[in-house]
>>> print(open('coords38.cif').read())   # mmCIF, C-alpha atoms
data_entry
#
loop_
_atom_site.label_atom_id
_atom_site.label_comp_id
_atom_site.auth_asym_id
_atom_site.auth_seq_id
_atom_site.Cartn_x
_atom_site.Cartn_y
_atom_site.Cartn_z
CA LYS A 1 -19.56 -13.37 -15.49
CA GLU A 2 -19.03 -14.41 -11.86
CA THR A 3 -22.18 -12.62 -10.70
CA GLY A 4 -24.32 -14.62 -13.11
CA ILE A 5 -25.99 -11.57 -14.64
CA ALA A 6 -25.83 -10.24 -18.17
CA LYS A 7 -23.47 -7.35 -18.85
CA GLY A 8 -26.39 -5.04 -19.66
CA SER A 9 -28.09 -5.90 -16.39
CA LEU A 10 -25.12 -4.54 -14.53
CA TYR A 11 -26.42 -1.04 -15.16
CA GLN A 12 -29.44 -1.77 -12.99
CA TYR A 13 -26.98 -1.53 -10.11
CA PHE A 14 -24.64 1.20 -11.39
CA ALA A 15 -25.41 4.46 -13.18
CA GLY A 16 -22.64 3.86 -15.70
CA LYS A 17 -19.08 2.69 -16.24
CA GLU A 18 -17.70 5.46 -14.06
CA ALA A 19 -19.91 4.46 -11.12
CA LEU A 20 -18.85 0.82 -11.51
CA TYR A 21 -15.20 1.87 -11.72
CA LEU A 22 -15.53 3.97 -8.55
CA HIS A 23 -17.25 1.10 -6.76
CA VAL A 24 -14.53 -1.39 -7.71
CA PHE A 25 -11.77 1.00 -6.72
CA THR A 26 -13.43 1.84 -3.41
CA ASP A 27 -13.76 -1.89 -2.78
CA PHE A 28 -10.02 -2.24 -3.52
CA ILE A 29 -9.14 0.45 -0.96
CA GLU A 30 -11.36 -1.08 1.71
CA LEU A 31 -9.91 -4.52 1.04
CA ILE A 32 -6.39 -3.16 1.52
CA LYS A 33 -7.39 -1.53 4.81
CA GLN A 34 -9.06 -4.72 6.03
CA THR A 35 -6.08 -6.84 4.98
CA VAL A 36 -3.66 -4.69 6.95
CA LYS A 37 -5.84 -4.02 9.97
CA LYS A 38 -7.22 -7.52 10.54
CA SER A 39 -3.92 -9.26 9.89
CA ASP A 40 -1.75 -7.03 12.06
CA PRO A 41 -1.21 -9.00 15.26
CA ARG A 42 1.14 -6.43 16.75
CA ASP A 43 -0.02 -3.62 18.88
CA ASP A 44 3.48 -2.69 19.98
CA GLY A 45 3.43 0.49 17.89
CA GLU A 46 7.04 -0.05 16.82
CA VAL A 47 7.32 1.69 13.45
CA PHE A 48 9.81 -0.60 11.75
CA SER A 49 8.08 -3.85 12.69
CA ARG A 50 4.87 -2.31 11.32
CA ILE A 51 6.57 -1.33 8.06
CA ARG A 52 7.86 -4.90 7.71
CA PHE A 53 4.37 -6.21 8.40
CA VAL A 54 2.82 -3.89 5.78
CA ILE A 55 5.35 -5.04 3.17
CA HIS A 56 4.43 -8.68 3.86
CA ALA A 57 0.70 -7.86 3.84
CA GLY A 58 1.18 -6.03 0.53
CA ILE A 59 2.96 -8.98 -1.05
CA GLN A 60 0.21 -11.30 0.17
CA PHE A 61 -2.44 -8.91 -1.16
CA ILE A 62 -0.79 -8.92 -4.60
CA LYS A 63 -0.76 -12.73 -4.63
CA THR A 64 -4.36 -12.98 -3.43
CA HIS A 65 -5.86 -10.11 -5.46
CA PRO A 66 -3.69 -9.53 -8.53
CA GLU A 67 -6.59 -8.02 -10.47
CA TYR A 68 -6.98 -5.22 -7.92
CA PHE A 69 -3.29 -4.46 -7.99
CA ARG A 70 -3.35 -4.36 -11.80
CA LEU A 71 -6.20 -1.84 -11.58
CA TYR A 72 -4.12 0.29 -9.22
CA SER A 73 -1.04 0.03 -11.47
CA ARG A 74 -3.11 1.08 -14.45
CA LEU A 75 -4.49 4.06 -12.55
CA LEU A 76 -0.95 5.19 -11.73
CA SER A 77 0.23 4.95 -15.31
CA GLU A 78 -2.80 6.34 -17.14
CA GLU A 79 -3.01 10.04 -16.42
CA GLU A 80 -6.31 10.31 -18.30
CA SER A 81 -8.09 7.80 -16.05
CA PRO A 82 -11.43 9.11 -14.83
CA TYR A 83 -11.37 10.34 -11.23
CA ARG A 84 -7.63 9.63 -11.05
CA ALA A 85 -6.79 12.44 -8.62
CA LYS A 86 -9.70 11.58 -6.32
CA LEU A 87 -8.87 7.87 -6.28
CA LEU A 88 -5.17 8.39 -5.73
CA ALA A 89 -5.98 10.75 -2.86
CA GLN A 90 -8.02 7.94 -1.27
CA VAL A 91 -5.13 5.49 -1.72
CA ARG A 92 -2.61 7.97 -0.31
CA PHE A 93 -4.75 8.67 2.75
CA PHE A 94 -4.38 5.14 4.12
CA PRO A 95 -0.60 5.35 4.77
CA ILE A 96 -1.20 8.67 6.50
CA GLU A 97 -3.97 7.16 8.61
CA TYR A 98 -1.88 4.08 9.44
CA PHE A 99 1.67 5.43 9.86
CA GLU A 100 1.21 9.00 11.12
CA PRO A 101 0.18 7.99 14.67
CA LEU A 102 3.10 5.55 14.82
CA ILE A 103 5.57 8.21 13.71
CA ARG A 104 4.18 10.74 16.18
CA LYS A 105 4.39 8.14 18.97
CA GLY A 106 7.98 7.32 18.01
CA GLN A 107 8.88 10.99 18.00
CA GLY A 108 7.28 11.38 21.43
CA GLU A 109 9.28 8.41 22.72
CA GLY A 110 12.50 9.76 21.21
CA THR A 111 13.02 6.87 18.76
CA ILE A 112 12.07 8.74 15.57
CA ARG A 113 13.74 11.95 14.44
CA THR A 114 11.88 15.16 15.16
CA ASP A 115 13.92 17.35 12.81
CA VAL A 116 11.99 15.87 9.86
CA SER A 117 8.25 16.44 9.52
CA VAL A 118 5.86 13.58 10.14
CA GLU A 119 4.34 14.25 6.71
CA LEU A 120 7.69 13.83 4.97
CA ILE A 121 8.48 10.63 6.86
CA VAL A 122 5.08 9.13 5.98
CA PHE A 123 5.55 10.23 2.36
CA MET A 124 8.92 8.48 2.21
CA ILE A 125 7.56 5.28 3.76
CA ASP A 126 4.64 5.30 1.33
CA ALA A 127 6.89 5.98 -1.67
CA VAL A 128 9.29 3.16 -0.81
CA LEU A 129 6.52 0.64 -0.07
CA ASP A 130 4.51 1.63 -3.13
CA ARG A 131 7.46 1.37 -5.52
CA PHE A 132 8.67 -1.91 -4.02
CA LEU A 133 5.22 -3.52 -4.23
CA LEU A 134 4.78 -2.27 -7.81
CA ALA A 135 8.14 -3.82 -8.72
CA ILE A 136 7.14 -7.09 -7.04
CA SER A 137 3.73 -7.15 -8.73
CA SER A 138 5.12 -6.58 -12.20
CA ALA A 139 8.39 -8.46 -11.66
CA GLN A 140 10.14 -5.47 -13.19
CA GLY A 141 12.85 -5.19 -10.60
CA SER A 142 16.21 -6.87 -10.91
CA GLU A 143 16.93 -10.11 -9.08
CA SER A 144 18.55 -8.05 -6.32
CA ILE A 145 15.27 -6.15 -5.76
CA CYS A 146 12.64 -8.76 -6.64
CA PRO A 147 14.22 -12.17 -6.07
CA ALA A 148 12.15 -15.24 -6.85
CA ASP A 149 13.43 -17.04 -3.75
CA PRO A 150 11.37 -16.10 -0.65
CA GLY A 151 14.47 -16.31 1.55
CA LYS A 152 16.23 -13.77 -0.62
CA SER A 153 13.08 -11.61 -0.61
CA GLU A 154 13.29 -11.45 3.18
CA LYS A 155 16.86 -10.18 2.90
CA VAL A 156 15.69 -7.41 0.55
CA ILE A 157 12.93 -6.48 2.99
CA ASP A 158 15.54 -6.39 5.79
CA GLN A 159 17.62 -3.99 3.70
CA ILE A 160 14.61 -1.75 3.03
CA ILE A 161 13.84 -1.63 6.75
CA ARG A 162 17.47 -0.85 7.63
CA LEU A 163 17.60 1.94 5.05
CA LEU A 164 14.38 3.50 6.34
CA GLU A 165 15.48 3.05 9.93
CA GLY A 166 18.86 4.64 9.19
CA GLY A 167 17.16 7.75 7.86
CA MET A 168 14.31 7.99 10.37
CA ALA A 169 15.66 6.74 13.66
CA VAL A 170 17.32 8.99 16.18
CA PRO A 171 21.05 8.28 15.93
CA ALA A 172 22.47 6.26 18.82
CA ASN A 173 24.73 8.25 21.15
#
>>> encode(input="coords38.cif", output="structure tokens")
Amino acid sequence: KETGIAKGSLYQYFAGKEALYLHVFTDFIELIKQTVKKSDPRDDGEVFSRIRFVIHAGIQFIKTHPEYFRLYSRLLSEEESPYRAKLLAQVRFFPIEYFEPLIRKGQGEGTIRTDVSVELIVFMIDAVLDRFLLAISSAQGSESICPADPGKSEKVIDQIIRLLEGGMAVPAN
């Protein structure tokens, strides 16, 4: 409707529904990457400030592009979705691409534990962020997880960061 072309004319540009679906989902992934990369003013490499930033960028993305996040939520819940494994692999690659260098740097600097694999740490960060953003987007969390008040939301984000930091950071001597 927004493009101003008839539904049937859409197939002049795409081979079929699957090709359109892949295009939209690829656009979603690129938009997420752009949102995080262009909005991230920090270059300090500090893992926990970056996690906080990504949470805020994710919340902003959900507010700005709810239709994309609904598409992603649907893909997660519908195991029969076409190309599901391929698309989820693309989504999962971004946290690896973004967080792995930060984790490796932190391990090299002695601020991030080295007795846990980088892959597991990135997996845990991704799992926590993904589940939190899904709860926010669907408002399915309790008031203690998804508060309506932005001030209270910041407190929840602080708690998430502290929990991650407590498990990932090298214990203080």
>>> resolve_selection(input="coords38.cif", expression="the PyMOL selection byres ((chain A and resi 54-65) around 9)", output="ChimeraX atom specification")
/A:31-32,35-36,39-40,49-53,66-70,129,132-133,136-137,157
>>> atom_distance(input="coords38.cif", atom1="atom CA of A:Ala15", atom2="atom CA of A:Ser77")
25.7 Å
>>> residues_around(input="coords38.cif", residues="A:Glu100", least_positions_apart="2", cutoff="9 Å", atoms="only C-alpha atoms", output="PyMOL selection string")
chain A and resi 95-98+102-105+118-119+121-122
>>> atom_distance(input="coords38.cif", atom1="atom CA of A:Glu46", atom2="atom CA of A:Phe93")
20.3 Å
>>> closest_residue(input="coords38.cif", among="A:Arg113, A:Val91, A:Ile5, A:Pro82", to="A:Phe28", atoms="all atoms listed in the file")
A:Val91
>>> atom_distance(input="coords38.cif", atom1="atom CA of A:Gln90", atom2="atom CA of A:Phe123")
14.2 Å
>>> residues_around(input="coords38.cif", residues="A:Arg84", least_positions_apart="6", cutoff="12 Å", atoms="all atoms listed in the file", output="list in words")
Glu18, Tyr21, Leu22, Phe25, Leu71, Tyr72, Ser73, Arg74, Leu75, Leu76, Ser77, Glu78, Gln90, Val91 and Arg92 of chain A
>>> closest_residue(input="coords38.cif", among="A:Ala85, A:Ala169, A:Leu134, A:Ile160", to="A:Val116", atoms="all atoms listed in the file")
A:Ala169
>>> resolve_selection(input="coords38.cif", expression="the PyMOL selection byres ((chain A and resi 167) around 12)", output="mmCIF file with C-alpha atoms, in the coordinates of the input")
data_model
loop_
_atom_site.group_PDB
_atom_site.id
_atom_site.type_symbol
_atom_site.label_atom_id
_atom_site.label_comp_id
_atom_site.auth_asym_id
_atom_site.auth_seq_id
_atom_site.Cartn_x
_atom_site.Cartn_y
_atom_site.Cartn_z
ATOM 1 C CA PHE A 48 9.810 -0.600 11.750
ATOM 2 C CA THR A 111 13.020 6.870 18.760
ATOM 3 C CA ILE A 112 12.070 8.740 15.570
ATOM 4 C CA ARG A 113 13.740 11.950 14.440
ATOM 5 C CA THR A 114 11.880 15.160 15.160
ATOM 6 C CA ASP A 115 13.920 17.350 12.810
ATOM 7 C CA VAL A 116 11.990 15.870 9.860
ATOM 8 C CA LEU A 120 7.690 13.830 4.970
ATOM 9 C CA ILE A 121 8.480 10.630 6.860
ATOM 10 C CA MET A 124 8.920 8.480 2.210
ATOM 11 C CA ILE A 125 7.560 5.280 3.760
ATOM 12 C CA ILE A 160 14.610 -1.750 3.030
ATOM 13 C CA ILE A 161 13.840 -1.630 6.750
ATOM 14 C CA ARG A 162 17.470 -0.850 7.630
ATOM 15 C CA LEU A 163 17.600 1.940 5.050
ATOM 16 C CA LEU A 164 14.380 3.500 6.340
ATOM 17 C CA GLU A 165 15.480 3.050 9.930
ATOM 18 C CA GLY A 166 18.860 4.640 9.190
ATOM 19 C CA MET A 168 14.310 7.990 10.370
ATOM 20 C CA ALA A 169 15.660 6.740 13.660
ATOM 21 C CA VAL A 170 17.320 8.990 16.180
ATOM 22 C CA PRO A 171 21.050 8.280 15.930
#
>>> build_atoms(input="coords38.cif", residues="stretch 85-102 of chain A", atoms="N, CA and C atoms", output="mmCIF file, keeping the file's coordinate frame")
data_model
loop_
_atom_site.group_PDB
_atom_site.id
_atom_site.type_symbol
_atom_site.label_atom_id
_atom_site.label_comp_id
_atom_site.auth_asym_id
_atom_site.auth_seq_id
_atom_site.Cartn_x
_atom_site.Cartn_y
_atom_site.Cartn_z
ATOM 1 N N ALA A 85 -7.268 11.666 -9.776
ATOM 2 C CA ALA A 85 -6.790 12.440 -8.620
ATOM 3 C C ALA A 85 -7.564 12.068 -7.355
ATOM 4 N N LYS A 86 -8.868 11.930 -7.482
ATOM 5 C CA LYS A 86 -9.700 11.580 -6.320
ATOM 6 C C LYS A 86 -9.344 10.189 -5.796
ATOM 7 N N LEU A 87 -9.175 9.242 -6.696
ATOM 8 C CA LEU A 87 -8.870 7.870 -6.280
ATOM 9 C C LEU A 87 -7.478 7.756 -5.681
ATOM 10 N N LEU A 88 -6.519 8.433 -6.290
ATOM 11 C CA LEU A 88 -5.170 8.390 -5.730
ATOM 12 C C LEU A 88 -5.118 9.063 -4.358
ATOM 13 N N ALA A 89 -5.906 10.106 -4.174
ATOM 14 C CA ALA A 89 -5.980 10.750 -2.860
ATOM 15 C C ALA A 89 -6.504 9.767 -1.818
ATOM 16 N N GLN A 90 -7.479 8.950 -2.196
ATOM 17 C CA GLN A 90 -8.020 7.940 -1.270
ATOM 18 C C GLN A 90 -6.944 6.901 -0.932
ATOM 19 N N VAL A 91 -6.191 6.480 -1.940
ATOM 20 C CA VAL A 91 -5.130 5.490 -1.720
ATOM 21 C C VAL A 91 -4.052 6.082 -0.823
ATOM 22 N N ARG A 92 -3.689 7.318 -1.073
ATOM 23 C CA ARG A 92 -2.610 7.970 -0.310
ATOM 24 C C ARG A 92 -3.022 8.281 1.126
ATOM 25 N N PHE A 93 -4.311 8.350 1.396
ATOM 26 C CA PHE A 93 -4.750 8.670 2.750
ATOM 27 C C PHE A 93 -4.487 7.512 3.706
ATOM 28 N N PHE A 94 -4.562 6.284 3.221
ATOM 29 C CA PHE A 94 -4.380 5.140 4.120
ATOM 30 C C PHE A 94 -3.010 5.121 4.795
ATOM 31 N N PRO A 95 -1.893 5.314 4.072
ATOM 32 C CA PRO A 95 -0.600 5.350 4.770
ATOM 33 C C PRO A 95 -0.536 6.462 5.818
ATOM 34 N N ILE A 96 -1.168 7.582 5.531
ATOM 35 C CA ILE A 96 -1.200 8.670 6.500
ATOM 36 C C ILE A 96 -1.954 8.210 7.742
ATOM 37 N N GLU A 97 -3.115 7.643 7.524
ATOM 38 C CA GLU A 97 -3.970 7.160 8.610
ATOM 39 C C GLU A 97 -3.262 6.071 9.440
ATOM 40 N N TYR A 98 -2.507 5.219 8.776
ATOM 41 C CA TYR A 98 -1.880 4.080 9.440
ATOM 42 C C TYR A 98 -0.545 4.469 10.107
ATOM 43 N N PHE A 99 0.324 5.177 9.363
ATOM 44 C CA PHE A 99 1.670 5.430 9.860
ATOM 45 C C PHE A 99 1.826 6.712 10.679
ATOM 46 N N GLU A 100 1.013 7.731 10.413
ATOM 47 C CA GLU A 100 1.210 9.000 11.120
ATOM 48 C C GLU A 100 1.157 8.846 12.642
ATOM 49 N N PRO A 101 0.170 8.141 13.199
ATOM 50 C CA PRO A 101 0.180 7.990 14.670
ATOM 51 C C PRO A 101 1.416 7.249 15.182
ATOM 52 N N LEU A 102 1.897 6.285 14.414
ATOM 53 C CA LEU A 102 3.100 5.550 14.820
ATOM 54 C C LEU A 102 4.330 6.445 14.830
#
